[in-house]
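Everything below concerns the one structure shown next.
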Amino acid sequence: MGLAGRCRSGCYGARGGARRCCGAALRRAGSAAGPPRALSFRAALAMGPGLAPRSPLPALYAALLLLLLLPPPPAMGAGERRRLACSTCRGIVDRFNQGLADTAKKNFGGGNTAWEEKTLSKYESSEIRLVEITENLCDSSNFECNNMVEEHEEHIEKWWFKLKKKYPDLFKWFCIETLEVCCPPGTYGPDCLACRGGSERPCHGNGRCDGDGTRGGDGTCSCNREYTGEFCMDCSNGYYSSLRNDTHSVCTDLDECASSPCKDEQYCLNTDGSFSCKACDASCVGCTGEGSDKCKTCASGYMKEDEKCADIDECNLSEKVCTKENEDCVNTPGSYKCVCSEGFEDKDGTCVQTVKTGEEMETEATDPSHTGHDDL
């Protein structure tokens with residue numbers, strides 16, 4: 001077992017603390033101007049972030065107390081456990097690959113540039129780099145991740161030092177072939193059976209296979225909106241088959257608007273798998289779409305202008321439309337209205353001067369603004 005494994009197995013109860021401790025110890029060893037020195041397990045474990053050795057017992061007691069205080073995980077079925085195991089393993093591999101990218105241009109950090117350049121290739125496959133990567137594989141609160149890494153760290157070390165050239169795909173080697181918690185794409189369940197429709201195109205490419213890529217699920221298809229049926233080969237309502245053979249099915253949206261299903265003062269809006277009828281613009285008599293530029297004919301009070309039905313301002317026509325005395329014209333969308341001028345009110349269809357009340361006359365008499373004399 002390498003130092004990374006010894007650190008984890010010796011004080012893993014800290015759920016990540018031991019890895020950081022050992023990683024710091026390894027980096028301090030590697031920072032010397034010369035090849036990295038091997039540390040004994042006891043020395044690496046005893047060294048903390050500072051330079052002085054310290055006893056690991058307090059950390060172990062704290063870790064045990066933390067484990068006792070953690071609530072038990074919720075009960076889950078066998079299928080859920082299998083899915084979780086695969087998801088956890090996939091997350092570990094993703095974090096490992098990210099660690100590879102993050103450390104790709106690093107070195108031992110000893111300050112001796114010539115020595116570093118000479119031995120950089122050793123760092124690339126060194127135990128120091130492995131520890132720097134593995135100490136960031138799991139968040140401290142992720143029990144499943146930390147537990148999986150603790151239990152199978154020797155596999156990771158074996159792959160790192162002996163097998164990564166032969167098996168460059170860590171996910172396939174670690175999660176599918178070694179731990180057997182995941183399946184190849186297009187397969188599902190404990191025995192990695194092919195999904196309905198085949199592993200190459202699960203659900204014939206028209207849906208999602210339950211348990212795809214995991215050791216859980218039952219392989220049934222959840223079809224996309226356009227498709228239905230056990231194998232997602234049939235078309236749902238609102239769609240028609242534009243292509244179908246033994247292996248492929250293409251369902252295309254049916255344009256219900258082609259049959260003009262809406263009323264005269266509405267236009268049809270085709271939607272995915274259905275349609276809706278929308279009211280025409282107020283300026284239109286019949287329309288082909290939204291807005292005043294989609295009118296078939298302009299409504300009364302509107303006229304065609306710049307390819308749109310625009311409101312006619314009747315109040316600005318050469319011929320007056322409000323002809324009564326003391327009457328003003330007010331334009332409205334598609335029409336107009338005649339109202340009495342200010343100071344006048346309608347009495348039986350005639351605009352007569354508004355009769356002021358005694359209170360209003362008294363107010364005007366006492367208000368300087370109504371005296372009619374300018375200040376000298």
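Chain labels follow the order of the structure tokens: the first chain is A, the next B, and so on; residue numbering restarts at 1 in every chain, and ligands are counted from 1 in their shown order.
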
For the structure I just gave you, how does DSSP split region 176-337 of chain A - specifically, which residues are helix (DSSP H, G or I)? Reply as a list in words.
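Matching residues for helix (DSSP H, G or I) in region 176-337 of chain A are Ile176, Glu177, Thr178, Pro202, Cys203, His204, Gly205, Glu256, Cys257, Ala258, Ser259, Ser292, Asp293, Lys294, Glu314, Cys315 and Asn316 of chain A.
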
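Neighbours of region 286-294 of chain A closer than or equal to 7 Å, with only C-alpha atoms counted and sequence neighbours fewer than 6 positions away skipped, come out as Asp264, Glu265, Gln266, Tyr267, Cys280, Glu307, Lys308 and Cys309 of chain A.
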
Practice task
Step one, run DSSP on the backbone; step two, keep only residues of region 121-278 of chain A assigned to strand (DSSP E or B); then write them as a PyMOL selection string.
Solution key: chain A and resi 182+187-188+193-194+207-209+214+221-223+227-228+234-235+239-244+249-253+266-271+274-278

Just write the chosen residues, N, CA, C and O atoms, as a compact mmCIF listing (two decimals), in the first residue's frame.
```txt
# COMPACT_ATOMS: atom_id res chain seq x y z
N CYS A 182 -21.71 0.63 -12.39
CA CYS A 182 -22.28 1.27 -13.58
C CYS A 182 -22.30 0.28 -14.73
O CYS A 182 -21.66 -0.77 -14.68
N THR A 187 -27.29 0.29 -21.69
CA THR A 187 -27.62 -0.93 -20.95
C THR A 187 -28.02 -0.55 -19.53
O THR A 187 -27.77 0.55 -19.07
N TYR A 188 -28.64 -1.49 -18.83
CA TYR A 188 -29.18 -1.19 -17.51
C TYR A 188 -29.19 -2.47 -16.66
O TYR A 188 -29.04 -3.58 -17.16
N LEU A 193 -28.17 -5.35 -19.17
CA LEU A 193 -28.93 -5.77 -20.34
C LEU A 193 -29.18 -4.58 -21.27
O LEU A 193 -29.23 -3.44 -20.82
N ALA A 194 -29.37 -4.88 -22.54
CA ALA A 194 -29.63 -3.82 -23.51
C ALA A 194 -30.99 -3.18 -23.27
O ALA A 194 -31.97 -3.87 -22.97
N GLY A 207 -36.56 8.52 -26.78
CA GLY A 207 -36.94 8.55 -25.37
C GLY A 207 -35.76 8.23 -24.48
O GLY A 207 -34.61 8.15 -24.93
N ARG A 208 -36.03 8.03 -23.20
CA ARG A 208 -35.00 7.76 -22.21
C ARG A 208 -35.24 6.39 -21.59
O ARG A 208 -36.36 6.05 -21.18
N CYS A 209 -34.18 5.59 -21.54
CA CYS A 209 -34.24 4.25 -20.98
C CYS A 209 -34.07 4.32 -19.47
O CYS A 209 -33.10 4.91 -18.98
N THR A 214 -26.64 2.50 -15.61
CA THR A 214 -26.51 2.15 -14.19
C THR A 214 -26.86 0.68 -13.99
O THR A 214 -27.35 0.02 -14.89
N CYS A 221 -39.04 2.52 -21.43
CA CYS A 221 -38.80 3.78 -22.13
C CYS A 221 -39.75 4.87 -21.66
O CYS A 221 -40.95 4.64 -21.53
N SER A 222 -39.20 6.04 -21.39
CA SER A 222 -40.00 7.25 -21.19
C SER A 222 -39.86 8.07 -22.45
O SER A 222 -38.79 8.66 -22.71
N CYS A 223 -40.91 8.09 -23.28
CA CYS A 223 -40.81 8.66 -24.62
C CYS A 223 -40.81 10.18 -24.60
O CYS A 223 -41.38 10.82 -23.71
N TYR A 227 -43.62 11.07 -29.17
CA TYR A 227 -43.70 9.62 -29.39
C TYR A 227 -44.45 8.92 -28.25
O TYR A 227 -44.58 9.43 -27.15
N THR A 228 -44.91 7.73 -28.56
CA THR A 228 -45.60 6.91 -27.56
C THR A 228 -45.34 5.45 -27.89
O THR A 228 -44.72 5.12 -28.90
N ASP A 234 -44.34 4.92 -32.03
CA ASP A 234 -45.63 5.45 -32.48
C ASP A 234 -45.70 6.95 -32.22
O ASP A 234 -44.97 7.49 -31.38
N CYS A 235 -46.60 7.62 -32.95
CA CYS A 235 -46.73 9.07 -32.83
C CYS A 235 -47.84 9.44 -31.85
O CYS A 235 -48.91 8.83 -31.84
N TYR A 239 -49.29 14.72 -33.85
CA TYR A 239 -48.10 14.45 -34.67
C TYR A 239 -48.44 13.38 -35.69
O TYR A 239 -49.34 12.56 -35.49
N TYR A 240 -47.71 13.40 -36.79
CA TYR A 240 -47.91 12.36 -37.80
C TYR A 240 -46.57 11.75 -38.16
O TYR A 240 -45.51 12.37 -37.99
N SER A 241 -46.61 10.53 -38.66
CA SER A 241 -45.39 9.80 -39.00
C SER A 241 -44.87 10.25 -40.37
O SER A 241 -45.53 10.07 -41.39
N SER A 242 -43.68 10.87 -40.36
CA SER A 242 -43.08 11.28 -41.63
C SER A 242 -42.02 10.29 -42.11
O SER A 242 -41.56 10.37 -43.26
N LEU A 243 -41.61 9.37 -41.21
CA LEU A 243 -40.66 8.33 -41.60
C LEU A 243 -40.77 7.19 -40.60
O LEU A 243 -40.81 7.42 -39.39
N ARG A 244 -40.82 5.96 -41.12
CA ARG A 244 -40.82 4.81 -40.22
C ARG A 244 -40.32 3.59 -40.94
O ARG A 244 -40.73 3.28 -42.06
N SER A 249 -38.09 5.89 -36.41
CA SER A 249 -39.41 6.49 -36.51
C SER A 249 -39.27 7.99 -36.29
O SER A 249 -38.62 8.42 -35.32
N VAL A 250 -39.85 8.77 -37.20
CA VAL A 250 -39.81 10.22 -37.08
C VAL A 250 -41.25 10.73 -37.06
O VAL A 250 -41.99 10.53 -38.02
N CYS A 251 -41.63 11.38 -35.98
CA CYS A 251 -42.96 11.96 -35.84
C CYS A 251 -42.86 13.48 -35.94
O CYS A 251 -42.06 14.09 -35.22
N THR A 252 -43.64 14.05 -36.83
CA THR A 252 -43.58 15.49 -37.12
C THR A 252 -44.86 16.17 -36.66
O THR A 252 -45.95 15.59 -36.74
N ASP A 253 -44.71 17.38 -36.18
CA ASP A 253 -45.87 18.14 -35.70
C ASP A 253 -46.90 18.32 -36.81
O ASP A 253 -46.57 18.69 -37.94
N GLN A 266 -60.39 35.62 -35.77
CA GLN A 266 -59.27 35.02 -35.07
C GLN A 266 -58.24 34.52 -36.07
O GLN A 266 -58.55 34.30 -37.24
N TYR A 267 -57.03 34.36 -35.59
CA TYR A 267 -56.01 33.70 -36.41
C TYR A 267 -55.52 32.47 -35.66
O TYR A 267 -55.62 32.37 -34.43
N CYS A 268 -55.01 31.50 -36.40
CA CYS A 268 -54.59 30.23 -35.82
C CYS A 268 -53.08 30.26 -35.55
O CYS A 268 -52.28 30.63 -36.40
N LEU A 269 -52.72 29.84 -34.33
CA LEU A 269 -51.30 29.76 -33.96
C LEU A 269 -50.96 28.29 -33.73
O LEU A 269 -51.45 27.67 -32.78
N ASN A 270 -50.13 27.72 -34.59
CA ASN A 270 -49.74 26.32 -34.45
C ASN A 270 -48.72 26.19 -33.31
O ASN A 270 -47.79 26.98 -33.19
N THR A 271 -48.90 25.18 -32.46
CA THR A 271 -47.97 24.90 -31.38
C THR A 271 -47.53 23.45 -31.48
O THR A 271 -48.08 22.68 -32.27
N SER A 274 -50.22 20.79 -31.02
CA SER A 274 -51.56 21.34 -30.86
C SER A 274 -51.66 22.67 -31.62
O SER A 274 -50.85 22.95 -32.51
N PHE A 275 -52.67 23.51 -31.24
CA PHE A 275 -52.84 24.82 -31.84
C PHE A 275 -53.70 25.65 -30.90
O PHE A 275 -54.32 25.14 -29.95
N SER A 276 -53.74 26.97 -31.16
CA SER A 276 -54.63 27.85 -30.39
C SER A 276 -55.15 28.94 -31.31
O SER A 276 -54.51 29.29 -32.32
N CYS A 277 -56.33 29.48 -30.98
CA CYS A 277 -56.95 30.56 -31.75
C CYS A 277 -56.78 31.87 -30.99
O CYS A 277 -57.15 31.96 -29.81
N LYS A 278 -56.25 32.89 -31.66
CA LYS A 278 -55.99 34.19 -31.05
C LYS A 278 -56.84 35.26 -31.73
O LYS A 278 -57.08 35.20 -32.94
```

Using only C-alpha atoms, which of A:Ile312, A:Val93, A:Ser87, A:Leu254 sits nearest Pro168 (chain A)?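 That would be A:Val93, the residue with the smallest distance to Pro168 (chain A).
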
From CA of Glu124 (chain A) to CA of Lys165 (chain A) the spacing works out at 13.0 Å

What is the distance between CA of Ala85 (chain A) and CA of Gly213 (chain A), in Å to one decimal?
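Atom-to-atom, CA of Ala85 (chain A) to CA of Gly213 (chain A), that is 11.6 Å.
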
### Message
Counting only C-alpha atoms, which residue out of A:Lys172, A:Glu325, A:Cys262, A:Gly217 sits closest to Gly77 (chain A)?
### Response
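Looking at the shortest contact to Gly77 (chain A), the residue is A:Gly217.
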
Using only C-alpha atoms, the shortest atom-to-atom distance to Asp255 (chain A) among A:Ser300, A:Asn237, A:Thr350, A:Thr134 belongs to A:Asn237

**Q.** 10 Å contact set for Trp160 (chain A), only C-alpha atoms, chain neighbours under 3 positions out, as a ChimeraX atom specification
**A.** /A:125-127,130,154-157,163-165,168,170

Write a file of the selected residues as a short mmCIF file (atom, residue, chain, number, x, y, z; two decimals), in the first residue's frame, keeping all heavy atoms.
```
data_model
loop_
_atom_site.label_atom_id
_atom_site.label_comp_id
_atom_site.auth_asym_id
_atom_site.auth_seq_id
_atom_site.Cartn_x
_atom_site.Cartn_y
_atom_site.Cartn_z
N SER A 125 3.57 11.40 -12.78
CA SER A 125 3.07 10.09 -12.34
C SER A 125 3.43 9.82 -10.88
O SER A 125 3.43 8.67 -10.46
CB SER A 125 3.66 8.99 -13.23
OG SER A 125 5.08 9.03 -13.20
N SER A 126 3.68 10.88 -10.13
CA SER A 126 4.15 10.72 -8.76
C SER A 126 3.01 10.48 -7.79
O SER A 126 1.85 10.77 -8.05
CB SER A 126 4.94 11.96 -8.32
OG SER A 126 4.05 13.07 -8.19
N GLU A 127 3.39 9.97 -6.61
CA GLU A 127 2.42 9.78 -5.54
C GLU A 127 1.96 11.12 -4.98
O GLU A 127 0.82 11.26 -4.54
CB GLU A 127 3.05 8.95 -4.43
CG GLU A 127 2.05 8.48 -3.39
CD GLU A 127 2.60 7.36 -2.52
OE1 GLU A 127 3.84 7.28 -2.36
OE2 GLU A 127 1.80 6.58 -1.99
N LEU A 130 -0.85 12.22 -7.10
CA LEU A 130 -2.03 11.40 -6.81
C LEU A 130 -2.72 11.89 -5.55
O LEU A 130 -3.96 12.01 -5.51
CB LEU A 130 -1.61 9.94 -6.67
CG LEU A 130 -2.73 8.98 -6.22
CD1 LEU A 130 -3.86 8.96 -7.24
CD2 LEU A 130 -2.17 7.57 -6.01
N GLU A 154 -7.24 1.57 -2.94
CA GLU A 154 -6.16 0.74 -3.48
C GLU A 154 -6.36 0.49 -4.97
O GLU A 154 -5.39 0.37 -5.72
CB GLU A 154 -6.10 -0.59 -2.71
CG GLU A 154 -5.56 -0.43 -1.29
CD GLU A 154 -5.31 -1.76 -0.62
OE1 GLU A 154 -5.50 -2.81 -1.29
OE2 GLU A 154 -4.92 -1.77 0.56
N HIS A 155 -7.63 0.42 -5.41
CA HIS A 155 -7.88 0.27 -6.85
C HIS A 155 -7.41 1.51 -7.59
O HIS A 155 -6.83 1.40 -8.69
CB HIS A 155 -9.38 0.05 -7.10
CG HIS A 155 -9.86 -1.31 -6.72
ND1 HIS A 155 -10.88 -1.51 -5.84
CD2 HIS A 155 -9.44 -2.54 -7.10
CE1 HIS A 155 -11.10 -2.82 -5.70
NE2 HIS A 155 -10.23 -3.46 -6.46
N ILE A 156 -7.71 2.69 -7.02
CA ILE A 156 -7.27 3.92 -7.68
C ILE A 156 -5.76 3.98 -7.75
O ILE A 156 -5.18 4.35 -8.79
CB ILE A 156 -7.82 5.15 -6.91
CG1 ILE A 156 -9.34 5.16 -6.95
CG2 ILE A 156 -7.27 6.44 -7.50
CD1 ILE A 156 -9.99 6.27 -6.13
N GLU A 157 -5.05 3.60 -6.67
CA GLU A 157 -3.59 3.60 -6.67
C GLU A 157 -3.05 2.58 -7.69
O GLU A 157 -2.07 2.85 -8.40
CB GLU A 157 -3.07 3.28 -5.27
CG GLU A 157 -3.35 4.39 -4.26
CD GLU A 157 -2.72 4.09 -2.91
OE1 GLU A 157 -2.16 2.98 -2.75
OE2 GLU A 157 -2.79 4.96 -2.03
N LEU A 163 -1.84 0.73 -14.32
CA LEU A 163 -2.81 0.37 -15.36
C LEU A 163 -3.30 1.52 -16.23
O LEU A 163 -4.02 1.27 -17.20
CB LEU A 163 -4.03 -0.30 -14.71
CG LEU A 163 -3.76 -1.58 -13.92
CD1 LEU A 163 -5.03 -2.05 -13.24
CD2 LEU A 163 -3.21 -2.66 -14.84
N LYS A 164 -2.96 2.77 -15.91
CA LYS A 164 -3.62 3.87 -16.63
C LYS A 164 -3.22 3.95 -18.10
O LYS A 164 -3.99 4.45 -18.92
CB LYS A 164 -3.37 5.20 -15.93
CG LYS A 164 -1.95 5.69 -15.90
CD LYS A 164 -1.90 7.03 -15.16
CE LYS A 164 -0.49 7.53 -15.02
NZ LYS A 164 -0.43 8.83 -14.31
N LYS A 165 -2.05 3.44 -18.45
CA LYS A 165 -1.69 3.41 -19.88
C LYS A 165 -2.47 2.34 -20.62
O LYS A 165 -2.87 2.54 -21.77
CB LYS A 165 -0.18 3.19 -20.02
CG LYS A 165 0.66 4.39 -19.60
CD LYS A 165 2.13 4.16 -19.90
CE LYS A 165 2.95 5.40 -19.53
NZ LYS A 165 4.40 5.20 -19.79
N PRO A 168 -6.87 3.70 -20.27
CA PRO A 168 -6.91 5.16 -20.10
C PRO A 168 -8.27 5.69 -19.65
O PRO A 168 -8.34 6.78 -19.09
CB PRO A 168 -6.53 5.69 -21.48
CG PRO A 168 -6.89 4.58 -22.42
CD PRO A 168 -6.65 3.32 -21.68
N LEU A 170 -10.71 5.85 -17.12
CA LEU A 170 -10.85 5.51 -15.71
C LEU A 170 -12.28 5.12 -15.38
O LEU A 170 -12.52 4.20 -14.59
CB LEU A 170 -10.41 6.70 -14.84
CG LEU A 170 -10.57 6.52 -13.32
CD1 LEU A 170 -9.77 5.31 -12.84
CD2 LEU A 170 -10.12 7.79 -12.59
#
```

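CA of Cys192 (chain A) lies 12.6 Å from CA of Cys86 (chain A).
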
For Asp311 (chain A), the nearest of the candidates A:Asn147, A:Asn326, A:Thr297, A:Ser335, counting only C-alpha atoms: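 Using only C-alpha atoms, Asp311 (chain A) sits closest to A:Ser335.
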